[in-house]
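Read through the structure below, which is laid out as structure tokens, and then see the notes.
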Amino acid sequence: PRQWEETGFATLLVPGAHVSIGTEGLPREVAGHSQENADITISDAGHNSLIMTAKVMAASGLRLLMDPGLRERATAEHAELVEEYNR
């Protein structure tokens, strides 16, 4: 299902995407904003996850810059989602 994420209402004005890579060793039952999660993020696995997330975000941004068709589709989809949200 489509939903708004942590960028909040900013995604009503501009398209946005939430990029998150799983961290190895992070049990499913650990809450996203918890001390246990924070402790895992400062581990080697957490550092590797941060690097991978940054690479995915950079590659996604580069693709949007280099592919006008993708930008047009993203803009159109964003407009549809905002219209749906405002109903």
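Going through the structure tokens in order, the chains are called A, B, and so on, while each chain numbers its residues from 1 and the ligands are numbered from 1 in the order shown.
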
List the neighbours of Pro15 of chain A out to 8 Å using only C-alpha atoms; skip same-chain residues closer than 5 positions along the sequence, and give me the result as a PyMOL selection string. chain A and resi 74-75+78

Between atom CA of Asn86 of chain A and atom CA of Leu12 of chain A, distance in Å (one decimal):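 Answer for the atom CA of Asn86 of chain A to atom CA of Leu12 of chain A separation: 9.4 Å.
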
Residue nearest Glu83 of chain A among A:Leu13, A:Leu70, A:Ala31, A:Thr23 (counting only C-alpha atoms): A:Leu13

All alpha helix (DSSP H) positions in chain A, as a VMD selection string: chain A and resid 35 to 41 44 to 66 68 to 85

Top pick for closest residue to Ser49 of chain A, considering A:Glu77, A:Asp67, A:Glu84, A:Glu24 and counting only C-alpha atoms: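 The closest residue to Ser49 of chain A is A:Glu24.
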